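File shown: target_32.txt. Contents: compact mmCIF, C-alpha atoms and all ligand atoms.
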# COMPACT_ATOMS: atom_id res chain seq x y z
CA MET A 1 178.70 -45.85 -24.14
CA LYS A 2 179.59 -49.47 -23.39
CA PRO A 3 177.13 -51.43 -21.21
CA LEU A 4 178.15 -52.44 -17.71
CA ILE A 5 179.16 -56.10 -17.46
CA TYR A 6 176.82 -56.19 -14.41
CA ASP A 7 173.86 -55.43 -16.72
CA ILE A 8 174.06 -58.87 -18.32
CA ARG A 9 172.10 -61.98 -17.33
CA LEU A 10 174.08 -65.24 -17.50
CA GLU A 11 172.04 -66.53 -20.47
CA ALA A 12 172.57 -63.27 -22.38
CA LEU A 13 176.30 -63.43 -21.65
CA LYS A 14 176.45 -67.00 -23.01
CA LYS A 15 174.72 -65.83 -26.16
CA TRP A 16 177.11 -62.89 -26.53
CA LEU A 17 180.08 -65.25 -26.16
CA GLU A 18 178.77 -67.60 -28.83
CA GLU A 19 178.14 -64.70 -31.19
CA ASN A 20 181.69 -63.51 -30.58
CA GLY A 21 183.40 -66.83 -31.27
CA GLU A 22 183.96 -67.84 -27.65
CA LYS A 23 182.84 -70.90 -25.67
CA SER A 24 179.62 -70.30 -23.74
CA PHE A 25 180.92 -72.01 -20.55
CA ARG A 26 183.19 -68.98 -20.12
CA ALA A 27 180.10 -67.09 -18.95
CA GLY A 28 180.13 -69.10 -15.72
CA GLN A 29 183.82 -68.28 -15.22
CA ILE A 30 183.14 -64.57 -15.76
CA TYR A 31 180.25 -64.67 -13.29
CA ASP A 32 182.54 -66.34 -10.77
CA TRP A 33 185.12 -63.54 -11.14
CA LEU A 34 182.46 -60.85 -10.90
CA TYR A 35 180.23 -62.13 -8.12
CA VAL A 36 182.20 -64.72 -6.12
CA LYS A 37 185.77 -63.44 -6.30
CA ARG A 38 184.45 -59.90 -6.81
CA VAL A 39 187.34 -58.52 -8.85
CA SER A 40 187.15 -54.98 -10.17
CA SER A 41 188.99 -55.32 -13.50
CA PHE A 42 189.06 -57.69 -16.45
CA GLU A 43 192.88 -58.04 -16.06
CA GLU A 44 192.34 -59.90 -12.80
CA MET A 45 190.40 -62.71 -14.57
CA SER A 46 193.52 -64.82 -14.77
CA ASN A 47 192.04 -67.99 -16.26
CA LEU A 48 190.96 -66.05 -19.39
CA SER A 49 193.45 -65.33 -22.17
CA LYS A 50 194.80 -61.80 -22.55
CA ALA A 51 193.15 -61.47 -25.98
CA PHE A 52 189.81 -62.53 -24.55
CA ARG A 53 190.10 -60.12 -21.62
CA GLU A 54 190.83 -57.33 -24.10
CA LYS A 55 187.77 -58.32 -26.11
CA LEU A 56 185.63 -58.11 -22.96
CA ALA A 57 187.12 -54.73 -22.03
CA ALA A 58 186.39 -53.42 -25.52
CA SER A 59 182.71 -54.35 -25.19
CA PHE A 60 181.86 -53.84 -21.50
CA GLU A 61 182.55 -51.54 -18.58
CA ILE A 62 183.39 -53.08 -15.20
CA ARG A 63 183.03 -49.84 -13.24
CA GLY A 64 181.76 -49.87 -9.61
CA LEU A 65 180.08 -46.99 -7.79
CA ASP A 66 181.93 -44.03 -6.26
CA LEU A 67 181.35 -43.49 -2.58
CA ILE A 68 180.32 -39.91 -1.74
CA THR A 69 179.65 -40.50 1.93
CA LYS A 70 178.80 -43.25 4.38
CA GLN A 71 176.91 -43.05 7.67
CA VAL A 72 177.14 -45.80 10.26
CA SER A 73 174.42 -45.98 12.87
CA ALA A 74 174.72 -47.21 16.47
CA ASP A 75 172.65 -50.30 15.54
CA GLY A 76 175.07 -51.27 12.73
CA THR A 77 172.97 -49.86 9.87
CA ILE A 78 175.20 -48.46 7.12
CA LYS A 79 173.83 -45.89 4.72
CA PHE A 80 175.85 -45.21 1.58
CA LEU A 81 175.52 -42.28 -0.78
CA PHE A 82 177.03 -43.32 -4.11
CA SER A 83 177.71 -41.34 -7.25
CA LEU A 84 176.82 -42.82 -10.66
CA HIS A 85 179.07 -42.26 -13.70
CA ASP A 86 177.02 -39.19 -14.71
CA GLY A 87 177.23 -37.59 -11.27
CA HIS A 88 173.75 -38.49 -9.97
CA ALA A 89 173.64 -39.55 -6.33
CA ILE A 90 171.82 -42.65 -5.06
CA GLU A 91 171.36 -44.32 -1.67
CA THR A 92 171.97 -47.90 -0.57
CA VAL A 93 171.47 -49.21 2.97
CA ILE A 94 172.75 -52.29 4.81
CA MET A 95 170.52 -53.36 7.70
CA ARG A 96 171.59 -55.94 10.27
CA HIS A 97 168.98 -58.42 11.48
CA ASN A 98 169.22 -61.48 13.67
CA TYR A 99 168.44 -63.56 10.56
CA GLY A 100 171.08 -61.96 8.31
CA ASN A 101 172.06 -58.81 6.46
CA SER A 102 169.66 -57.13 4.12
CA VAL A 103 170.47 -54.51 1.54
CA CYS A 104 167.98 -51.87 0.43
CA VAL A 105 168.58 -50.75 -3.16
CA THR A 106 167.62 -47.75 -5.30
CA THR A 107 166.04 -48.34 -8.73
CA GLN A 108 165.63 -44.80 -10.07
CA VAL A 109 167.33 -41.43 -9.69
CA GLY A 110 164.35 -39.76 -8.01
CA CYS A 111 160.75 -40.76 -8.52
CA ARG A 112 157.82 -39.29 -10.42
CA ILE A 113 155.03 -40.81 -8.33
CA GLY A 114 154.84 -37.84 -5.95
CA CYS A 115 153.78 -39.40 -2.63
CA THR A 116 153.26 -36.49 -0.26
CA PHE A 117 155.41 -37.89 2.57
CA CYS A 118 158.44 -39.10 0.61
CA ALA A 119 161.83 -37.43 0.20
CA SER A 120 162.69 -39.53 -2.89
CA THR A 121 160.26 -37.66 -5.10
CA LEU A 122 161.25 -34.10 -4.10
CA GLY A 123 163.15 -33.33 -7.33
CA GLY A 124 161.05 -35.55 -9.61
CA LEU A 125 162.50 -38.36 -11.73
CA LYS A 126 165.91 -37.82 -13.33
CA ARG A 127 166.41 -41.24 -14.91
CA ASN A 128 166.08 -45.00 -14.50
CA LEU A 129 169.00 -47.04 -13.24
CA THR A 130 170.31 -49.84 -15.44
CA ALA A 131 170.16 -53.39 -14.04
CA GLY A 132 173.93 -53.26 -13.57
CA GLU A 133 173.75 -50.07 -11.53
CA ILE A 134 171.30 -51.81 -9.19
CA VAL A 135 173.45 -54.97 -9.08
CA SER A 136 176.50 -52.78 -8.28
CA GLN A 137 174.80 -51.54 -5.10
CA VAL A 138 174.50 -55.11 -3.81
CA LEU A 139 178.11 -55.77 -4.81
CA MET A 140 179.35 -52.65 -3.03
CA ALA A 141 177.40 -53.71 0.08
CA GLN A 142 178.83 -57.23 -0.18
CA LYS A 143 182.36 -55.84 -0.48
CA ALA A 144 181.76 -53.81 2.71
CA LEU A 145 180.48 -56.94 4.48
CA ASP A 146 183.45 -58.98 3.19
CA GLU A 147 185.55 -57.08 5.75
CA ASP A 148 183.56 -58.85 8.53
CA ASP A 149 183.35 -62.11 6.57
CA GLU A 150 179.59 -61.73 6.29
CA ARG A 151 177.25 -61.98 3.36
CA VAL A 152 174.23 -60.20 1.92
CA SER A 153 171.46 -62.69 2.66
CA HIS A 154 168.41 -60.57 1.81
CA VAL A 155 167.59 -57.76 -0.61
CA VAL A 156 164.73 -55.29 -0.34
CA VAL A 157 163.89 -53.11 -3.32
CA MET A 158 162.67 -50.22 -1.20
CA GLY A 159 165.21 -47.49 -1.88
CA ILE A 160 164.69 -44.41 -4.04
CA GLY A 161 162.31 -44.91 -6.95
CA GLU A 162 159.34 -46.96 -8.06
CA PRO A 163 160.71 -50.35 -9.17
CA PHE A 164 157.65 -51.24 -11.27
CA GLU A 165 158.31 -48.12 -13.38
CA ASN A 166 161.71 -49.58 -14.30
CA PHE A 167 160.42 -53.08 -14.83
CA GLU A 168 162.82 -54.61 -17.39
CA ALA A 169 165.91 -53.50 -15.48
CA LEU A 170 164.29 -54.72 -12.25
CA LEU A 171 163.77 -58.22 -13.69
CA ASP A 172 167.33 -58.39 -15.05
CA PHE A 173 168.63 -57.27 -11.66
CA LEU A 174 166.61 -59.92 -9.82
CA TYR A 175 167.74 -62.74 -12.12
CA ILE A 176 171.38 -61.66 -11.85
CA ILE A 177 171.51 -61.51 -8.03
CA ASN A 178 169.50 -64.73 -7.73
CA ASN A 179 171.77 -66.72 -10.09
CA ASP A 180 173.50 -69.57 -8.27
CA LYS A 181 176.72 -68.92 -10.22
CA GLY A 182 176.74 -65.40 -8.81
CA LEU A 183 175.53 -63.82 -5.58
CA ASN A 184 172.98 -66.61 -5.16
CA ILE A 185 170.46 -64.65 -3.09
CA GLY A 186 167.31 -66.76 -2.70
CA GLN A 187 164.09 -65.60 -4.36
CA ARG A 188 162.23 -65.85 -1.06
CA HIS A 189 164.86 -63.57 0.47
CA ILE A 190 164.11 -60.80 -2.01
CA THR A 191 161.23 -58.33 -1.55
CA VAL A 192 160.06 -55.72 -4.02
CA SER A 193 157.89 -52.85 -2.84
CA THR A 194 155.53 -50.93 -5.11
CA SER A 195 153.26 -47.97 -4.68
CA GLY A 196 150.64 -49.93 -6.65
CA ILE A 197 151.16 -50.05 -10.43
CA VAL A 198 148.23 -52.42 -10.88
CA PRO A 199 148.98 -54.06 -14.29
CA LYS A 200 152.50 -54.89 -13.14
CA ILE A 201 151.16 -56.63 -10.02
CA TYR A 202 149.29 -59.07 -12.29
CA GLN A 203 152.46 -59.62 -14.33
CA TRP A 204 154.44 -60.14 -11.12
CA ALA A 205 151.91 -62.70 -9.86
CA ASP A 206 152.12 -64.62 -13.13
CA ASP A 207 155.89 -64.54 -13.72
CA MET A 208 157.74 -63.80 -10.49
CA ASN A 209 155.79 -65.79 -7.96
CA GLN A 210 158.68 -66.89 -5.73
CA PHE A 211 159.82 -63.33 -4.97
CA ASN A 212 158.10 -61.43 -2.15
CA LEU A 213 155.79 -58.53 -2.88
CA ALA A 214 155.06 -55.54 -0.64
CA ILE A 215 152.48 -52.86 -1.34
CA SER A 216 152.71 -49.33 0.04
CA LEU A 217 149.12 -48.97 1.22
CA HIS A 218 149.19 -46.22 3.86
CA ALA A 219 145.45 -45.54 3.98
CA PRO A 220 142.27 -47.48 4.83
CA ASN A 221 140.06 -45.75 2.25
CA THR A 222 140.45 -44.39 -1.25
CA GLU A 223 139.90 -40.69 -0.42
CA LEU A 224 142.68 -40.61 2.14
CA ARG A 225 144.97 -42.69 -0.08
CA SER A 226 144.50 -40.23 -2.96
CA ARG A 227 145.53 -37.40 -0.64
CA LEU A 228 148.69 -39.22 0.45
CA MET A 229 149.56 -40.98 -2.81
CA PRO A 230 148.47 -39.39 -6.10
CA ILE A 231 148.91 -42.75 -7.85
CA ASN A 232 145.64 -43.78 -6.23
CA ARG A 233 143.83 -41.54 -8.72
CA GLY A 234 145.17 -43.64 -11.60
CA PHE A 235 145.00 -47.01 -9.84
CA PRO A 236 142.27 -46.73 -7.17
CA LEU A 237 142.29 -48.78 -3.99
CA LYS A 238 139.55 -51.13 -5.17
CA ASP A 239 141.56 -52.14 -8.27
CA LEU A 240 144.76 -52.37 -6.26
CA LEU A 241 143.21 -54.77 -3.73
CA GLU A 242 141.72 -56.86 -6.51
CA ALA A 243 145.24 -57.23 -7.96
CA CYS A 244 146.55 -58.16 -4.48
CA ARG A 245 143.87 -60.84 -4.14
CA TYR A 246 144.85 -62.17 -7.57
CA TYR A 247 148.51 -62.33 -6.43
CA VAL A 248 147.63 -64.21 -3.23
CA ASN A 249 145.30 -66.66 -5.02
CA LYS A 250 147.68 -67.25 -7.92
CA THR A 251 150.83 -67.73 -5.83
CA GLY A 252 149.44 -69.10 -2.57
CA ARG A 253 151.75 -66.62 -0.88
CA ARG A 254 151.24 -63.93 1.69
CA ILE A 255 151.44 -60.30 0.62
CA THR A 256 152.88 -57.48 2.75
CA PHE A 257 151.12 -54.15 3.20
CA GLU A 258 153.26 -51.25 4.33
CA TYR A 259 151.30 -48.76 6.37
CA GLY A 260 153.10 -45.58 7.43
CA LEU A 261 151.65 -43.99 10.54
CA PHE A 262 151.32 -40.24 10.00
CA GLY A 263 150.33 -38.37 13.16
CA GLY A 264 146.70 -37.20 13.12
CA VAL A 265 146.25 -38.31 9.49
CA ASN A 266 145.74 -42.10 9.28
CA ASP A 267 146.62 -43.39 12.74
CA SER A 268 143.44 -43.52 14.86
CA VAL A 269 141.77 -46.65 16.23
CA ALA A 270 138.92 -45.95 13.78
CA HIS A 271 141.45 -46.05 10.92
CA ALA A 272 142.82 -49.37 12.23
CA ASN A 273 139.32 -50.85 12.25
CA GLU A 274 138.62 -49.50 8.77
CA LEU A 275 141.89 -51.08 7.58
CA ALA A 276 140.91 -54.42 9.15
CA ASP A 277 137.57 -54.27 7.31
CA LEU A 278 139.38 -53.53 4.05
CA ILE A 279 142.01 -56.28 4.04
CA GLY A 280 140.58 -58.80 6.50
CA ASP A 281 139.94 -61.36 3.75
CA ILE A 282 143.49 -61.21 2.30
CA ASN A 283 146.36 -63.45 3.43
CA CYS A 284 148.65 -60.61 4.42
CA HIS A 285 151.10 -59.12 6.84
CA VAL A 286 150.90 -55.45 7.80
CA ASN A 287 154.17 -53.66 8.42
CA LEU A 288 153.49 -50.53 10.47
CA ILE A 289 156.09 -47.83 9.79
CA PRO A 290 156.36 -44.86 12.15
CA VAL A 291 156.86 -41.94 9.74
CA ASN A 292 160.42 -40.82 9.19
CA TYR A 293 160.60 -37.07 9.57
CA VAL A 294 161.37 -35.28 6.30
CA PRO A 295 162.00 -31.53 6.77
CA GLU A 296 160.35 -30.60 3.45
CA ARG A 297 157.17 -32.48 4.44
CA ASP A 298 154.96 -31.56 7.38
CA TYR A 299 154.03 -35.00 8.71
CA VAL A 300 154.62 -35.68 12.38
CA ARG A 301 155.15 -38.87 14.33
CA THR A 302 152.34 -40.78 15.94
CA PRO A 303 152.93 -40.96 19.72
CA ARG A 304 154.34 -44.33 20.82
CA GLU A 305 151.26 -45.32 22.82
CA ASP A 306 149.03 -44.66 19.80
CA ILE A 307 151.30 -46.79 17.58
CA PHE A 308 150.88 -49.68 20.05
CA GLU A 309 147.13 -49.09 20.19
CA PHE A 310 146.87 -49.19 16.38
CA HIS A 311 148.89 -52.42 16.37
CA ARG A 312 146.76 -54.01 19.11
CA THR A 313 143.56 -53.08 17.27
CA LEU A 314 144.72 -54.83 14.11
CA GLN A 315 145.80 -57.90 16.06
CA LYS A 316 142.48 -58.07 17.92
CA ARG A 317 140.81 -58.06 14.53
CA GLY A 318 142.92 -61.06 13.46
CA ILE A 319 145.28 -59.10 11.19
CA ASN A 320 148.90 -60.20 11.28
CA ALA A 321 150.92 -57.03 11.96
CA THR A 322 154.28 -55.86 13.25
CA ILE A 323 155.77 -52.47 14.00
CA ARG A 324 158.85 -51.98 11.84
CA ARG A 325 162.06 -51.92 13.80
CA GLU A 326 163.75 -48.65 13.07
CA HIS A 327 167.08 -49.00 11.40
CA GLY A 328 169.56 -46.17 11.67
CA SER A 329 167.12 -43.78 13.31
CA ASP A 330 170.10 -41.70 14.49
CA ILE A 331 171.12 -41.02 10.87
CA ALA A 332 169.17 -39.49 7.95
CA ALA A 333 166.83 -42.47 7.91
CA ALA A 334 164.05 -41.59 5.51
CA CYS A 335 164.64 -42.91 2.06
CA GLY A 336 165.90 -40.18 -0.25
CA GLN A 337 166.79 -37.86 2.62
CA LEU A 338 170.56 -38.25 2.40
CA ARG A 339 170.41 -37.58 -1.33
CA ALA A 340 168.16 -34.52 -0.79
CA GLN A 341 170.59 -33.17 1.83
CA HIS A 342 173.50 -33.72 -0.56
CA ALA A 343 171.68 -31.88 -3.36
CA LYS A 344 171.00 -28.91 -1.04
CA GLU A 345 174.64 -28.72 0.04
CA ALA A 346 175.84 -28.94 -3.58
CA ALA A 347 173.53 -26.03 -4.52
CA ARG A 348 174.96 -23.74 -1.81
C1 LIG A 401 160.84 -45.20 -0.79
S1 LIG A 401 159.67 -46.42 -1.17
C2 LIG A 401 160.37 -47.27 -2.56
C3 LIG A 401 159.52 -48.38 -3.11
C4 LIG A 401 158.26 -47.98 -3.82
N1 LIG A 401 158.39 -46.81 -4.59
C5 LIG A 401 157.12 -47.86 -2.86
O1 LIG A 401 156.57 -46.78 -2.72
O2 LIG A 401 156.75 -48.88 -2.29
C6 LIG A 401 159.85 -47.62 0.15
C7 LIG A 401 158.90 -47.45 1.33
O3 LIG A 401 159.24 -46.29 2.07
C8 LIG A 401 158.05 -45.64 2.47
N2 LIG A 401 158.31 -44.25 2.81
C9 LIG A 401 158.61 -43.23 1.99
N3 LIG A 401 158.78 -42.08 2.67
C10 LIG A 401 158.58 -42.38 3.98
C11 LIG A 401 158.61 -41.63 5.19
N4 LIG A 401 158.88 -40.34 5.21
N5 LIG A 401 158.36 -42.28 6.34
C12 LIG A 401 158.08 -43.61 6.36
N6 LIG A 401 158.04 -44.38 5.25
C13 LIG A 401 158.28 -43.77 4.08
C14 LIG A 401 157.20 -45.85 1.25
O4 LIG A 401 155.85 -45.62 1.43
C15 LIG A 401 157.46 -47.30 0.91
O5 LIG A 401 156.60 -48.13 1.67
S1 LIG A 402 156.97 -43.75 -1.69
FE1 LIG A 402 157.78 -44.90 -3.43
S2 LIG A 402 156.44 -44.34 -5.15
FE2 LIG A 402 156.05 -42.86 -3.54
S3 LIG A 402 157.35 -41.13 -4.10
FE3 LIG A 402 158.49 -42.42 -2.63
S4 LIG A 402 159.68 -43.79 -3.90
FE4 LIG A 402 158.12 -42.90 -5.21
For this file, produce the structure as structure tokens.
Amino acid sequence: MKPLIYDIRLEALKKWLEENGEKSFRAGQIYDWLYVKRVSSFEEMSNLSKAFREKLAASFEIRGLDLITKQVSADGTIKFLFSLHDGHAIETVIMRHNYGNSVCVTTQVGCRIGCTFCASTLGGLKRNLTAGEIVSQVLMAQKALDEDDERVSHVVVMGIGEPFENFEALLDFLYIINNDKGLNIGQRHITVSTSGIVPKIYQWADDMNQFNLAISLHAPNTELRSRLMPINRGFPLKDLLEACRYYVNKTGRRITFEYGLFGGVNDSVAHANELADLIGDINCHVNLIPVNYVPERDYVRTPREDIFEFHRTLQKRGINATIRREHGSDIAAACGQLRAQHAKEAAR
């Protein structure tokens, strides 16, 4: 099968052009058609010769994603369920903030990490997405925002899948959306979230130090974390935090810890104090996430007052923390939930 044109970094496209007897500056023109004018066929690239367009079409696909369904929430959140060329379904979300529009992208069809609270992992991992399939999600979101003359200003890699398990495609994706000849989304406006693949955190700190990093922490001690996230057995909390300290020291940047509040599991004042003891020496921000209900999982919500109490405890201990604003809470909000619902309906 031909690769997607959206899979290709600008430098790689220049190289391909040179190897195919074309001028490398054409790469910038192609990027402009793809990411600025956002055409959906090679024929529309009118400043390229017909023969050249045919050559491109013979080597690359320019296919977008097929929309299966779209849910629009009262707060403006839009959740898309897209179908890939092989029929797999993935989710992409646009969230509206006062500072801009952020898009949450999927990196894998499913996930093999097996966190006990997450809908994305219910059917295991089917396959990795290519860089172009991840880029296409941002493009589809941008095309939807074009209708309101708005732009995608931020990207969060927090959709279905573990991005650090699809590392090469992730890096290609990031370079493509960051390129100033294309979508030009600033590195500091892009956040990647990982469940804690420790060796990749070191690599990230060394090579990708202008992009934001978030860690799904969810527990203040290693026993509880192993119960919630089986990855903690392979990469225990102590090693994970050492990698986080390395990131902060190496980059001089703050790291984000995501901490889901699961009722009666990890949400007491004692847990908040234990968390403060654990991360108190790290330049960090804690994002408290009230658990999204997933029917297949039996976690329940922490009562509102207890969420505030947990937050206050962290703040009193000098930990920078916020409670995540809930986007689209009136629609299937938990990541992977729309896809899981779709799979159930298809099986009926
Ligand atoms: C779906 S994951 C994708 C990125 C990466 N695999 C990770 O775990 O960080 C994005 C975030 O959603 C959180 N999450 C997953 N299921 C959730 C649920 N039911 N309620 C609240 N947060 C959830 C994860 O812990 C993680 O912080
Ligand atoms: S939270 Fe992240 S790593 Fe864990 S199962 Fe869900 S997608 Fe995978």
- Message: Which polymer residues, whether protein, DNA or RNA, lie within 9 Å of the coordinate (137.1, -51.6, 2.9) when you count all atoms listed in the file? List them as a VMD selection string, using the chain letters and numbers from the file.
- Response: chain A and resid 220 to 222 238 274 to 280
Check which residues of chain A sit at most 9 Å from ligand LIG 401 (chain A) using only C-alpha atoms and all ligand atoms, and return one row each with the closest pair of atoms and their distance in Å to one decimal, ordered by chain and rising number, as a tab-separated table.
residue	atom	partner	partner_atom	distance
A:Val105	CA	A:LIG401	C2	8.9
A:Thr106	CA	A:LIG401	C2	7.8
A:Thr107	CA	A:LIG401	C2	8.4
A:Cys111	CA	A:LIG401	N1	7.6
A:Ile113	CA	A:LIG401	N1	7.8
A:Cys115	CA	A:LIG401	C9	7.7
A:Thr116	CA	A:LIG401	N3	8.4
A:Phe117	CA	A:LIG401	N4	5.0
A:Cys118	CA	A:LIG401	N3	3.6
A:Ala119	CA	A:LIG401	N3	6.1
A:Ser120	CA	A:LIG401	C1	6.3
A:Thr121	CA	A:LIG401	C1	8.7
A:Val157	CA	A:LIG401	C3	6.4
A:Met158	CA	A:LIG401	C2	4.0
A:Gly159	CA	A:LIG401	C2	4.9
A:Ile160	CA	A:LIG401	C1	5.1
A:Gly161	CA	A:LIG401	N1	5.0
A:Glu162	CA	A:LIG401	N1	3.6
A:Pro163	CA	A:LIG401	N1	6.2
A:Phe164	CA	A:LIG401	N1	8.0
A:Glu165	CA	A:LIG401	N1	8.9
A:Val192	CA	A:LIG401	C3	7.4
A:Ser193	CA	A:LIG401	O2	4.2
A:Thr194	CA	A:LIG401	O2	3.7
A:Ser195	CA	A:LIG401	O1	4.0
A:Gly196	CA	A:LIG401	O2	7.6
A:Ala214	CA	A:LIG401	O2	7.1
A:Ile215	CA	A:LIG401	O2	5.9
A:Ser216	CA	A:LIG401	O5	4.4
A:Leu217	CA	A:LIG401	O4	7.5
A:His218	CA	A:LIG401	O4	7.1
A:Met229	CA	A:LIG401	O4	8.9
A:Phe257	CA	A:LIG401	O5	8.3
A:Glu258	CA	A:LIG401	O5	5.3
A:Tyr259	CA	A:LIG401	O5	7.1
A:Gly260	CA	A:LIG401	C12	5.5
A:Leu261	CA	A:LIG401	C12	7.7
A:Phe262	CA	A:LIG401	N5	8.2
A:Ile289	CA	A:LIG401	C12	5.8
A:Pro290	CA	A:LIG401	C12	6.2
A:Val291	CA	A:LIG401	N5	3.7
A:Asn292	CA	A:LIG401	N5	3.8
A:Tyr293	CA	A:LIG401	N4	5.7
A:Val294	CA	A:LIG401	N4	5.7
A:Arg297	CA	A:LIG401	N4	8.1
A:Tyr299	CA	A:LIG401	N4	8.0
A:Ala333	CA	A:LIG401	N5	8.6
A:Ala334	CA	A:LIG401	N4	5.3
A:Cys335	CA	A:LIG401	C1	5.3
A:Gly336	CA	A:LIG401	C1	7.1
A:Gln337	CA	A:LIG401	N4	8.7
Any chance you can output those residues with C-alpha atoms as a tab-separated table (two decimals), in the coordinates of the input?
chain	number	residue	atom	x	y	z
A	105	VAL	CA	168.58	-50.75	-3.16
A	106	THR	CA	167.62	-47.75	-5.30
A	107	THR	CA	166.04	-48.34	-8.73
A	111	CYS	CA	160.75	-40.76	-8.52
A	113	ILE	CA	155.03	-40.81	-8.33
A	115	CYS	CA	153.78	-39.40	-2.63
A	116	THR	CA	153.26	-36.49	-0.26
A	117	PHE	CA	155.41	-37.89	2.57
A	118	CYS	CA	158.44	-39.10	0.61
A	119	ALA	CA	161.83	-37.43	0.20
A	120	SER	CA	162.69	-39.53	-2.89
A	121	THR	CA	160.26	-37.66	-5.10
A	157	VAL	CA	163.89	-53.11	-3.32
A	158	MET	CA	162.67	-50.22	-1.20
A	159	GLY	CA	165.21	-47.49	-1.88
A	160	ILE	CA	164.69	-44.41	-4.04
A	161	GLY	CA	162.31	-44.91	-6.95
A	162	GLU	CA	159.34	-46.96	-8.06
A	163	PRO	CA	160.71	-50.35	-9.17
A	164	PHE	CA	157.65	-51.24	-11.27
A	165	GLU	CA	158.31	-48.12	-13.38
A	192	VAL	CA	160.06	-55.72	-4.02
A	193	SER	CA	157.89	-52.85	-2.84
A	194	THR	CA	155.53	-50.93	-5.11
A	195	SER	CA	153.26	-47.97	-4.68
A	196	GLY	CA	150.64	-49.93	-6.65
A	214	ALA	CA	155.06	-55.54	-0.64
A	215	ILE	CA	152.48	-52.86	-1.34
A	216	SER	CA	152.71	-49.33	0.04
A	217	LEU	CA	149.12	-48.97	1.22
A	218	HIS	CA	149.19	-46.22	3.86
A	229	MET	CA	149.56	-40.98	-2.81
A	257	PHE	CA	151.12	-54.15	3.20
A	258	GLU	CA	153.26	-51.25	4.33
A	259	TYR	CA	151.30	-48.76	6.37
A	260	GLY	CA	153.10	-45.58	7.43
A	261	LEU	CA	151.65	-43.99	10.54
A	262	PHE	CA	151.32	-40.24	10.00
A	289	ILE	CA	156.09	-47.83	9.79
A	290	PRO	CA	156.36	-44.86	12.15
A	291	VAL	CA	156.86	-41.94	9.74
A	292	ASN	CA	160.42	-40.82	9.19
A	293	TYR	CA	160.60	-37.07	9.57
A	294	VAL	CA	161.37	-35.28	6.30
A	297	ARG	CA	157.17	-32.48	4.44
A	299	TYR	CA	154.03	-35.00	8.71
A	333	ALA	CA	166.83	-42.47	7.91
A	334	ALA	CA	164.05	-41.59	5.51
A	335	CYS	CA	164.64	-42.91	2.06
A	336	GLY	CA	165.90	-40.18	-0.25
A	337	GLN	CA	166.79	-37.86	2.62
- Item | Option closest in space to Ser40 (chain A), from A:Lys344, A:Lys2, A:Lys143, A:His285 [counting all atoms listed in the file] |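 Of all the options, A:Lys143 lies closest to Ser40 (chain A).
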- Pick from A:Leu224, A:Ala219, A:Leu338, A:Cys104, whichever lies nearest to Lys70 (chain A) using only C-alpha atoms: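 Closest candidate: A:Leu338.
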Show me, as a PDB file with C-alpha atoms, in the coordinates of the input, the residues that have an atom within 6 Å of region 82-99 of chain A when counting all atoms listed in the file, minus same-chain residues fewer than 6 positions from it.
ATOM      1  CA  ASP A  66     181.930 -44.030  -6.260  1.00  0.00           C
ATOM      2  CA  LEU A  67     181.350 -43.490  -2.580  1.00  0.00           C
ATOM      3  CA  ILE A  68     180.320 -39.910  -1.740  1.00  0.00           C
ATOM      4  CA  VAL A 105     168.580 -50.750  -3.160  1.00  0.00           C
TER       5      VAL A 105
END
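You can rank A:Ile30, A:Ile307, A:Leu48, A:Leu228 by their closest distance to ligand LIG 402 (chain A) using all atoms listed in the file, and at the top of that list sits A:Leu228.
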- Residue with smallest distance to ligand LIG 402 (chain A) - pool A:Gly64, A:Gly28, A:Gly110, A:Gly100, counting all atoms listed in the file: A:Gly110
Provide region 101-109 of chain A rebuilt to N, CA and C atoms, formatted as a compact mmCIF listing (two decimals), in the frame of the given file.
# COMPACT_ATOMS: atom_id res chain seq x y z
N ASN A 101 171.84 -60.20 6.86
CA ASN A 101 172.06 -58.81 6.46
C ASN A 101 171.22 -58.51 5.24
N SER A 102 170.42 -57.47 5.32
CA SER A 102 169.66 -57.13 4.12
C SER A 102 170.13 -55.80 3.55
N VAL A 103 170.04 -55.72 2.23
CA VAL A 103 170.47 -54.51 1.54
C VAL A 103 169.27 -53.89 0.85
N CYS A 104 169.08 -52.60 1.05
CA CYS A 104 167.98 -51.87 0.43
C CYS A 104 168.55 -51.10 -0.77
N VAL A 105 168.00 -51.35 -1.95
CA VAL A 105 168.58 -50.75 -3.16
C VAL A 105 167.64 -49.72 -3.81
N THR A 106 168.28 -48.79 -4.52
CA THR A 106 167.62 -47.75 -5.30
C THR A 106 167.43 -48.25 -6.73
N THR A 107 166.28 -47.92 -7.33
CA THR A 107 166.04 -48.34 -8.73
C THR A 107 165.94 -47.18 -9.71
N GLN A 108 165.73 -45.96 -9.18
CA GLN A 108 165.63 -44.80 -10.07
C GLN A 108 166.34 -43.61 -9.42
N VAL A 109 166.82 -42.69 -10.24
CA VAL A 109 167.33 -41.43 -9.69
C VAL A 109 166.09 -40.55 -9.52
